[in-house]
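Reviewing the structure listed below.
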Amino acid sequence: MSATVSSSEPFSTEGYFHTQRPPAGLEEKSEKMHAFVEQWKAVKGKKVVLVTVSSPAFSILLIVIRAVELQYRWSRTPGTRGATSAEYFLSQGYAVIFLHRLHSLRPFSRHYSHSLNPFLDLLSIVPSSSSSSSSIVVSPEHTQTLLPILKAYHESQSSGTLLSVEFQTVNDYLWLLKAVTASMASLGRRGMYYLAAAVSDFFLPEEKVAEHKIQSNKGTLSLEMDQVPKVMRPLVQEWTPEGYIVSFKLETDTALLIPKSRAALSRYGHQLVIGNELHRRKHEVVFVERATPSSKGTGDDQIKGSVTPPIVAGSDLGVVGFPRKEEYKETWLRLDDLKNDGHAGGKGRDGEVEIEEMIVKELLNRHQYWMDAKATRE
Ligand code: 9Z3
């Protein structure tokens, strides 16, 4: 297989939705999400968050015989960030739409993933004289950990505050994102978008996907992939202009986190970018936002016509044409700081503190501020 990047015209978002067919089941899922939003919109003050999770795939065959999954930067992410954050959003009174990749980690059950903590290991058999009346119990050493998780899970089930919706491919993801945003836009500032899914930059459009099994006896396999349209801009500017939008920036070089996060804020005009370095992502993140939190940018104000601003070594911000440094602020969240402050322990497995608890706590204030800013203006 060969991999080269050519300079052909990328899909516009509009062009994408005109040429790529909606996936099977879109209507049914969209209706479910719409009903969920309407249900919680009717509850005064109830906030709703969309959490997107893990990484969408693409196939090179219409019917996948043997799936080839390409991730040009890193392998598929398990979805820990989204599943964990969703639990904390629920505990803070949000209604949560959990838009996740099939088989990714999910809220609550993530504590008992097959590989890390198989649930069979929690159980013991209580023998009885007849084997048919033997029963199964959770071993006492696991009960204390399981109890709060099970309670929170039951609470989310009985209150109906968690809606999980699956996607598989990039195409599923983009259509579902558009549909859910169309419903959530009516929430105005009560809606938050927590976009933690890692969407690949390239995909195979429908017309390039092979119909029949690709024969391996014909030599090497070459793929020409198209760019995934940047839906952030229409999402921020058109689909949900009032929503509180949080995107993530993932890098392997920590030095790039802040300049790249500022670039994303400047380009799309949304409220917050959370920067995380691949290997440190469970220990520290950086919030990058405008110094005046109630303002929303217009996107591209500062870097008109430029898709990726050039990096200039030695410049103050590292990027040419950027807004002045004082227009942004950064806040680092570090687990070590929390531990040093004597935090008693969190809800993670074995009571360890999780960075998502800090992230969600910080977001609560910012989202509330965003909502209050609107109320003050009216
Ligand atoms: C993230 O950065 C997420 O935090 C992780 C979570 C994918 C690192 P895990 O599932 O990982 O908990 O193991 N998500 C967004 C990554 C991304 O692709 N961002 C784009 C970029 O960096 C911008 S939309 O260019």
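A note on labels: chains of the structure tokens are A, B, ... as shown, every chain counts residues from 1, and ligands are counted from 1 in their shown order.
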inquiry  = Taking only C-alpha atoms and all ligand atoms into account, which residues have an atom no farther than 9 Å from ligand 1? I'd like them as number ranges by chain.
reply    = A: 52-55, 76-84, 104-105, 195-201, 230, 232, 247-251, 257, 260-261, 264, 273-279, 281-282, 285
Can you spit out the residues from that selection as a PDB file, in the first residue's frame, using C-alpha atoms?
```pdb
ATOM      1  CA  THR A  52     -18.166  12.296  20.994  1.00  0.00           C
ATOM      2  CA  VAL A  53     -15.917   9.331  21.605  1.00  0.00           C
ATOM      3  CA  SER A  54     -13.138   7.220  20.062  1.00  0.00           C
ATOM      4  CA  SER A  55     -12.259   7.255  16.356  1.00  0.00           C
ATOM      5  CA  ARG A  76      -7.704   3.576  17.416  1.00  0.00           C
ATOM      6  CA  THR A  77      -8.369   5.282  20.728  1.00  0.00           C
ATOM      7  CA  PRO A  78     -10.344   3.275  23.266  1.00  0.00           C
ATOM      8  CA  GLY A  79     -12.651   6.129  24.258  1.00  0.00           C
ATOM      9  CA  THR A  80     -11.513   6.534  27.856  1.00  0.00           C
ATOM     10  CA  ARG A  81     -11.726  10.332  27.762  1.00  0.00           C
ATOM     11  CA  GLY A  82     -15.313  10.386  26.545  1.00  0.00           C
ATOM     12  CA  ALA A  83     -16.620   7.501  28.686  1.00  0.00           C
ATOM     13  CA  THR A  84     -15.043   8.891  31.846  1.00  0.00           C
ATOM     14  CA  SER A 104     -15.518   1.688  22.426  1.00  0.00           C
ATOM     15  CA  LEU A 105     -15.485   2.102  26.197  1.00  0.00           C
ATOM     16  CA  LEU A 195     -15.811  16.770  20.838  1.00  0.00           C
ATOM     17  CA  ALA A 196     -13.315  14.176  22.051  1.00  0.00           C
ATOM     18  CA  ALA A 197     -13.563  11.824  19.057  1.00  0.00           C
ATOM     19  CA  ALA A 198     -10.365  11.622  17.024  1.00  0.00           C
ATOM     20  CA  VAL A 199     -11.542  11.897  13.433  1.00  0.00           C
ATOM     21  CA  SER A 200      -8.992  10.939  10.801  1.00  0.00           C
ATOM     22  CA  ASP A 201      -8.086  13.607   8.258  1.00  0.00           C
ATOM     23  CA  LYS A 230     -13.578  20.362   8.302  1.00  0.00           C
ATOM     24  CA  MET A 232     -15.919  22.530  12.808  1.00  0.00           C
ATOM     25  CA  SER A 247     -12.712  20.631  20.845  1.00  0.00           C
ATOM     26  CA  PHE A 248      -9.580  18.636  21.625  1.00  0.00           C
ATOM     27  CA  LYS A 249      -6.151  19.022  20.121  1.00  0.00           C
ATOM     28  CA  LEU A 250      -3.905  15.998  20.221  1.00  0.00           C
ATOM     29  CA  GLU A 251      -0.160  16.275  19.600  1.00  0.00           C
ATOM     30  CA  LEU A 257      -0.108  22.148  21.912  1.00  0.00           C
ATOM     31  CA  LYS A 260      -2.035  24.664  17.493  1.00  0.00           C
ATOM     32  CA  SER A 261      -4.891  25.081  19.963  1.00  0.00           C
ATOM     33  CA  ALA A 264      -7.965  26.120  16.024  1.00  0.00           C
ATOM     34  CA  VAL A 273      -9.682  23.918  22.950  1.00  0.00           C
ATOM     35  CA  ILE A 274      -8.356  21.307  25.342  1.00  0.00           C
ATOM     36  CA  GLY A 275      -4.825  20.378  24.352  1.00  0.00           C
ATOM     37  CA  ASN A 276      -3.422  16.982  25.265  1.00  0.00           C
ATOM     38  CA  GLU A 277      -0.132  15.295  24.489  1.00  0.00           C
ATOM     39  CA  LEU A 278      -0.577  11.650  23.506  1.00  0.00           C
ATOM     40  CA  HIS A 279       1.492  10.071  26.282  1.00  0.00           C
ATOM     41  CA  ARG A 281      -3.120  12.783  28.243  1.00  0.00           C
ATOM     42  CA  LYS A 282      -4.207  10.977  31.398  1.00  0.00           C
ATOM     43  CA  VAL A 285      -4.255  18.833  29.770  1.00  0.00           C
TER      44      VAL A 285
END
```
inquiry  = At a cut-off of 8 Å, using only C-alpha atoms, what residues contact range 331-342 of chain A? Leave out same-chain residues fewer than 2 positions from it and give the result as a ChimeraX atom specification.
reply    = /A:283-288,329,344,353-355,358-359
task = Considering only C-alpha atoms, state which residue in the set A:Met371, A:Ala86, A:Leu272, A:Ala152 is at the smallest distance from Glu242 in chain A.
result =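 Among the listed residues, the smallest separation from Glu242 in chain A belongs to A:Met371.
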inquiry  = My list of candidates is A:Ala24, A:Leu50, A:Val138, A:Val246. Which is closest to Asp172 in chain A when distances are computed with only C-alpha atoms?
reply    =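 Closest residue, counting only C-alpha atoms: A:Ala24.
Residue nearest Tyr328 in chain A, chosen from A:Leu177, A:Ala375, A:Ala263, A:Leu162 and counting only C-alpha atoms: A:Ala263.
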note = A straight line from CA of Asp226 in chain A to CA of Phe17 in chain A spans 14.2 Å
request  = Would you return as a list in words the members of range 79-202 of chain A that DSSP assigns to strand (DSSP E) on this structure's backbone?
outcome  =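 The strand (DSSP E) subset of range 79-202 of chain A is Ala95, Val96, Ile97, Phe98, Leu99, His100, Arg101, Leu123, Ser124, Ile125, Val126, Ser135, Ile136, Val137, Val138, Leu162, Leu163, Ser164, Val165, Glu166, Phe167, Gly191, Met192, Tyr193, Tyr194, Leu195 and Phe202 of chain A.
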ask   = Suppose you want the space between CA of Phe202 in chain A and CA of Met225 in chain A; what is it in Å?
value =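 Pair CA of Phe202 in chain A / CA of Met225 in chain A returns 5.9 Å.
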Selected residue, from A:Ala35, A:Arg280, A:Lys208, A:Leu163, that lies nearest to Thr252 in chain A when counting only C-alpha atoms =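 With only C-alpha atoms as the atom set, the closest residue is A:Arg280.
Between CA of Ala255 in chain A and CA of Glu357 in chain A lies a distance of 24.8 Å.
Nearest residue to Leu147 in chain A among A:Ser186, A:His111, A:Lys46, A:Val37 is A:His111, counting only C-alpha atoms.
Candidate residues A:Gln157, A:Ser134, A:Ser183, A:Ser115 were compared for distance to Trp239 in chain A, and the nearest is A:Ser183, using only C-alpha atoms.
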task = Quick one: everything within 8 Å of Trp175 in chain A, counting only C-alpha atoms, minus sequence neighbours fewer than 2 positions away in the same chain. Send it as a PyMOL selection string.
result = chain A and resi 17+22-23+26+171-173+177-179
